[in-house]
There are 2 protein chains.
Amino acid sequence: MSEALARFSINQMTVKQLSLPELAAACTDLGIPGVGLWREPVHSYGLDKAAKLMRDAGLTITTLCRGGFLTAIEPHARVRAIDDNKAAIDEAATLGTDTLVLVSGGLPPDSKDLHGARSRIADALADLAPYAAERGIRLAIEPLHPMFASDRCVVSTLTQALDLAELFPATQVGVCVDTYHVWWDDQAPAQIARAGRGERLHAFQLADWITPLPEGVLNGRGRLGEGSIDLRSWRALVEEAGYGGPIEVELFNEELWAAPGAELLAETAQTYVQHAC
Amino acid sequence: MSEALARFSINQMTVKQLSLPELAAACTDLGIPGVGLWREPVHSYGLDKAAKLMRDAGLTITTLCRGGFLTAIEPHARVRAIDDNKAAIDEAATLGTDTLVLVSGGLPPDSKDLHGARSRIADALADLAPYAAERGIRLAIEPLHPMFASDRCVVSTLTQALDLAELFPATQVGVCVDTYHVWWDDQAPAQIARAGRGERLHAFQLADWITPLPEGVLNGRGRLGEGSIDLRSWRALVEEAGYGGPIEVELFNEELWAAPGAELLAETAQTYVQHAC
């Protein structure tokens, strides 16, 4: 393994055109030590099989994406969400990762109450955090860019994510810092320091910001180095805050998904070394 | 004029299918007392003619949109931007409005330095603010949603807008609060109070937040009441902060622009009464 890739992890969504065995093989070929996995492709392949595949390839599963969607008001929907998150925690434990990333969820139908939605996330975490801790899993609340506040994640800033996380022990709940979601926020550097002091920096992800955004804004993340984000300075901030863990590259991009997966993975590792090391 | 519409102003872009004379006539028909104008259609129609048209119709020009784009590094581009903003200030004075809205500008080519871009805005305002004040014009810095940070406006929050405005007297530089841009920000209510205390609430605009966002994200603003924003609570916040000025509705929406303009204007006034009064 190249020294420069020692902390590199590829989030599976970046190269979703690769099957899990193809992903494991390509990582081995390229000397990539870590992968972030998603629940749906793991389900399709089989949970135990996926765990064994990654273990046999010597790959570290740096995160499982994702739990969350904890903002429902309707009681049955809340119960289903809690149950689904407990299942995600169990899956994370089976896979042998230590971190489950949470995307908190958007506004419920007909609601305009962001504050209320955030408080329901806290209520749900009170159930989930101890359950996760008993299984060796840390929850990482990921603030999503404010453009997702209504339909995907009412937690829009690291400040809000930490306000939620700090209701629980740091061993149970921390944050996931993704450059794509926080780069615009002049308060994020101080919040990264706050997270570091509290030992709540549980995951760090890289993507670049490019425009124009595509319709729906979900699948337009830029390759490292082609956008507006000073990736090295964000890496320096998390490291100054004490973070020494994996650095996951997570791109959602229709154009990249149309490329051959193994080549895309090689290119992604190369841009990581070039722009984030 | 209906009492409910006493503070209503229609931003011209909402009904850009209407020519200026059509806009003036439709406002008169509907009892709408105010309009926010844009420079380009005013140029096309003729500045003095536009001023006379609005004056003769008894319409108040609540804002002129827009100056700004003050983040350039290259010296000639900076000079051109200052000159263009002085022209905008002169035009505002000719039109008889008291407020020029500023959209600050995005990152210059190849720059990743948001902080540096914000400081260049302050430098430019040092030239522009006294020039504007001498002509009876207040500058209103409009924070734009963080999804515009790279390509349109590096000022993403009311906090940042006020940090810039407070470098100058309140009679010279304040802020424009647009619900579409600030609704996600849990710090915005306190910043509205700060702006009110400093007499820097110079303009207030309404639009609703709907998803999915269209490609490019510019022209997907929602009709009042169809989205996620609690418009009445934002109106209450600015009023509690002492704002008693015009309330402009500013929608950019391709679908609305395809509708007959006078009908759209009537509908917009109706949704204003229904959802924001």
# chains A, B, ... in the order shown; residues from 1 in each chain; ligands from 1

$ residues_around --residues "Asp110 of chain A" --least-positions-apart "3" --cutoff "9 Å" --atoms "only C-alpha atoms" --output "list in words"
Leu107 of chain A; Gly227 and Ser228 of chain B

$ residues_around --residues "Arg120 of chain A" --least-positions-apart "4" --cutoff "10 Å" --atoms "only C-alpha atoms" --output "PyMOL selection string"
chain A and resi 70-73+78+104+115-116+124-126

$ residues_around --residues "Leu102 of chain A" --least-positions-apart "6" --cutoff "9 Å" --atoms "only C-alpha atoms" --output "list in words"
Cys65, Arg66, Gly67, Gly68, Phe69, Leu139, Ala140, Ile141, Glu142, Pro143, Val175 and Cys176 of chain A

$ residues_around --residues "Glu40 of chain A" --least-positions-apart "2" --cutoff "12 Å" --atoms "only C-alpha atoms" --output "ChimeraX atom specification"
/A:12-13,16,19-20,37-38,42-47,50,64-67,88,91

$ write_last_selection --atoms "N, CA and C atoms" --output "PDB file, in the first residue's frame"
ATOM      1  N   GLN A  12     -18.457   3.685  -1.111  1.00  0.00           N
ATOM      2  CA  GLN A  12     -18.996   2.823  -2.165  1.00  0.00           C
ATOM      3  C   GLN A  12     -19.844   3.562  -3.189  1.00  0.00           C
ATOM      4  N   MET A  13     -20.556   4.595  -2.756  1.00  0.00           N
ATOM      5  CA  MET A  13     -21.422   5.317  -3.685  1.00  0.00           C
ATOM      6  C   MET A  13     -20.622   6.013  -4.786  1.00  0.00           C
ATOM      7  N   LYS A  16     -20.430   3.300  -7.562  1.00  0.00           N
ATOM      8  CA  LYS A  16     -21.535   2.359  -7.332  1.00  0.00           C
ATOM      9  C   LYS A  16     -21.731   1.411  -8.505  1.00  0.00           C
ATOM     10  N   SER A  19     -19.711  -3.912  -8.363  1.00  0.00           N
ATOM     11  CA  SER A  19     -20.296  -4.833  -7.388  1.00  0.00           C
ATOM     12  C   SER A  19     -19.366  -4.905  -6.175  1.00  0.00           C
ATOM     13  N   LEU A  20     -19.830  -5.459  -5.097  1.00  0.00           N
ATOM     14  CA  LEU A  20     -18.970  -5.575  -3.917  1.00  0.00           C
ATOM     15  C   LEU A  20     -17.707  -6.390  -4.196  1.00  0.00           C
ATOM     16  N   LEU A  37     -19.355   1.632   3.236  1.00  0.00           N
ATOM     17  CA  LEU A  37     -20.407   0.859   2.563  1.00  0.00           C
ATOM     18  C   LEU A  37     -21.781   1.469   2.790  1.00  0.00           C
ATOM     19  N   TRP A  38     -22.697   1.113   1.906  1.00  0.00           N
ATOM     20  CA  TRP A  38     -24.105   1.521   2.007  1.00  0.00           C
ATOM     21  C   TRP A  38     -24.958   0.290   2.263  1.00  0.00           C
ATOM     22  N   VAL A  42     -25.260  -3.745   0.321  1.00  0.00           N
ATOM     23  CA  VAL A  42     -24.884  -4.820   1.258  1.00  0.00           C
ATOM     24  C   VAL A  42     -26.045  -5.799   1.411  1.00  0.00           C
ATOM     25  N   HIS A  43     -27.269  -5.278   1.530  1.00  0.00           N
ATOM     26  CA  HIS A  43     -28.447  -6.156   1.601  1.00  0.00           C
ATOM     27  C   HIS A  43     -28.536  -7.029   0.356  1.00  0.00           C
ATOM     28  N   SER A  44     -28.361  -6.403  -0.797  1.00  0.00           N
ATOM     29  CA  SER A  44     -28.521  -7.150  -2.059  1.00  0.00           C
ATOM     30  C   SER A  44     -27.501  -8.282  -2.153  1.00  0.00           C
ATOM     31  N   TYR A  45     -26.300  -7.987  -1.688  1.00  0.00           N
ATOM     32  CA  TYR A  45     -25.243  -8.999  -1.800  1.00  0.00           C
ATOM     33  C   TYR A  45     -25.346 -10.031  -0.692  1.00  0.00           C
ATOM     34  N   GLY A  46     -25.883  -9.612   0.436  1.00  0.00           N
ATOM     35  CA  GLY A  46     -25.956 -10.480   1.620  1.00  0.00           C
ATOM     36  C   GLY A  46     -25.026  -9.935   2.691  1.00  0.00           C
ATOM     37  N   LEU A  47     -25.565  -9.708   3.873  1.00  0.00           N
ATOM     38  CA  LEU A  47     -24.803  -9.051   4.939  1.00  0.00           C
ATOM     39  C   LEU A  47     -23.576  -9.862   5.366  1.00  0.00           C
ATOM     40  N   ALA A  50     -21.004 -10.111   2.650  1.00  0.00           N
ATOM     41  CA  ALA A  50     -20.288  -8.836   2.472  1.00  0.00           C
ATOM     42  C   ALA A  50     -19.231  -8.665   3.550  1.00  0.00           C
ATOM     43  N   LEU A  64     -20.630   2.775   7.854  1.00  0.00           N
ATOM     44  CA  LEU A  64     -21.807   2.280   7.149  1.00  0.00           C
ATOM     45  C   LEU A  64     -22.747   3.466   6.972  1.00  0.00           C
ATOM     46  N   CYS A  65     -23.203   3.646   5.727  1.00  0.00           N
ATOM     47  CA  CYS A  65     -24.156   4.697   5.401  1.00  0.00           C
ATOM     48  C   CYS A  65     -25.465   4.002   5.037  1.00  0.00           C
ATOM     49  N   ARG A  66     -26.505   4.314   5.614  1.00  0.00           N
ATOM     50  CA  ARG A  66     -26.664   5.267   6.641  1.00  0.00           C
ATOM     51  C   ARG A  66     -27.922   4.975   7.414  1.00  0.00           C
ATOM     52  N   GLY A  67     -27.937   5.454   8.635  1.00  0.00           N
ATOM     53  CA  GLY A  67     -29.154   5.486   9.431  1.00  0.00           C
ATOM     54  C   GLY A  67     -29.744   6.878   9.358  1.00  0.00           C
ATOM     55  N   ALA A  88     -29.919  -1.093  11.283  1.00  0.00           N
ATOM     56  CA  ALA A  88     -28.688  -0.547  10.681  1.00  0.00           C
ATOM     57  C   ALA A  88     -27.518  -0.687  11.655  1.00  0.00           C
ATOM     58  N   GLU A  91     -26.412  -4.248  11.607  1.00  0.00           N
ATOM     59  CA  GLU A  91     -25.651  -4.511  10.374  1.00  0.00           C
ATOM     60  C   GLU A  91     -24.231  -3.952  10.480  1.00  0.00           C
TER      61      GLU A  91
END

$ closest_atom_pairs --of "chain A" --to "chain B" --cutoff "7 Å" --atoms "only C-alpha atoms" --output "CSV"
residue,atom,partner,partner_atom,distance
A:Lys112,CA,B:Ser228,CA,5.0
A:Pro146,CA,B:Trp184,CA,6.3
A:Met147,CA,B:Met147,CA,6.2
A:Ala149,CA,B:Trp184,CA,6.4
A:Ser150,CA,B:Ser228,CA,6.5
A:Trp184,CA,B:Pro146,CA,6.3
A:Pro212,CA,B:Gly216,CA,4.9
A:Leu213,CA,B:Gly216,CA,5.0
A:Pro214,CA,B:Glu215,CA,4.5
A:Glu215,CA,B:Glu215,CA,3.9
A:Gly216,CA,B:Pro212,CA,4.9
A:Val217,CA,B:Leu213,CA,6.7
A:Ser228,CA,B:Lys112,CA,5.0
A:Ile229,CA,B:Lys112,CA,5.8
A:Asp230,CA,B:Lys112,CA,5.8

$ write_last_selection --atoms "C-alpha atoms" --output "compact mmCIF listing (two decimals), in the first residue's frame"
# COMPACT_ATOMS: atom_id res chain seq x y z
CA LYS A 112 -42.77 23.89 8.45
CA PRO A 146 -28.82 23.77 3.78
CA MET A 147 -30.17 23.09 0.29
CA ALA A 149 -33.03 21.19 4.79
CA SER A 150 -36.61 20.55 3.70
CA TRP A 184 -19.55 27.50 2.79
CA PRO A 212 -24.18 24.30 -12.07
CA LEU A 213 -25.99 21.99 -9.68
CA PRO A 214 -28.08 19.35 -11.43
CA GLU A 215 -31.86 19.07 -11.09
CA GLY A 216 -32.62 17.76 -7.61
CA VAL A 217 -29.08 18.81 -6.52
CA SER A 228 -14.36 25.56 -5.05
CA ILE A 229 -13.31 23.77 -1.88
CA ASP A 230 -9.85 24.13 -0.38

$ residues_around --residues "Ser233 of chain A" --least-positions-apart "4" --cutoff "10 Å" --atoms "only C-alpha atoms" --output "ChimeraX atom specification"
/A:189,229,237-239,276

$ atom_distance --atom1 "atom CA of Arg55 of chain A" --atom2 "atom CA of Glu263 of chain A"
23.3 Å

$ select_by_dssp --residues "segment 25-253 of chain B" --states "alpha helix (DSSP H)" --output "ChimeraX atom specification"
/B:25-30,39-45,47-56,75-95,114-134,158-165,179-182,188-197,231-240

$ residues_around --residues "Arg197 of chain A" --least-positions-apart "2" --cutoff "12 Å" --atoms "only C-alpha atoms" --output "ChimeraX atom specification"
/A:162,166,170,174,190-195,199-201,238-243

$ atom_distance --atom1 "atom CA of Leu59 of chain A" --atom2 "atom CA of Gly34 of chain A"
5.3 Å

$ residues_around --residues "Thr171 of chain A" --least-positions-apart "2" --cutoff "10 Å" --atoms "only C-alpha atoms" --output "list in words"
Ala129, Pro130, Ala132, Ala133, Gly136, Ile137, Arg138, Leu139, Phe168, Pro169, Val173, Gly174, Gly198, Glu199, Arg200 and His202 of chain A

$ atom_distance --atom1 "atom CA of Pro246 of chain A" --atom2 "atom CA of Pro33 of chain A"
9.4 Å
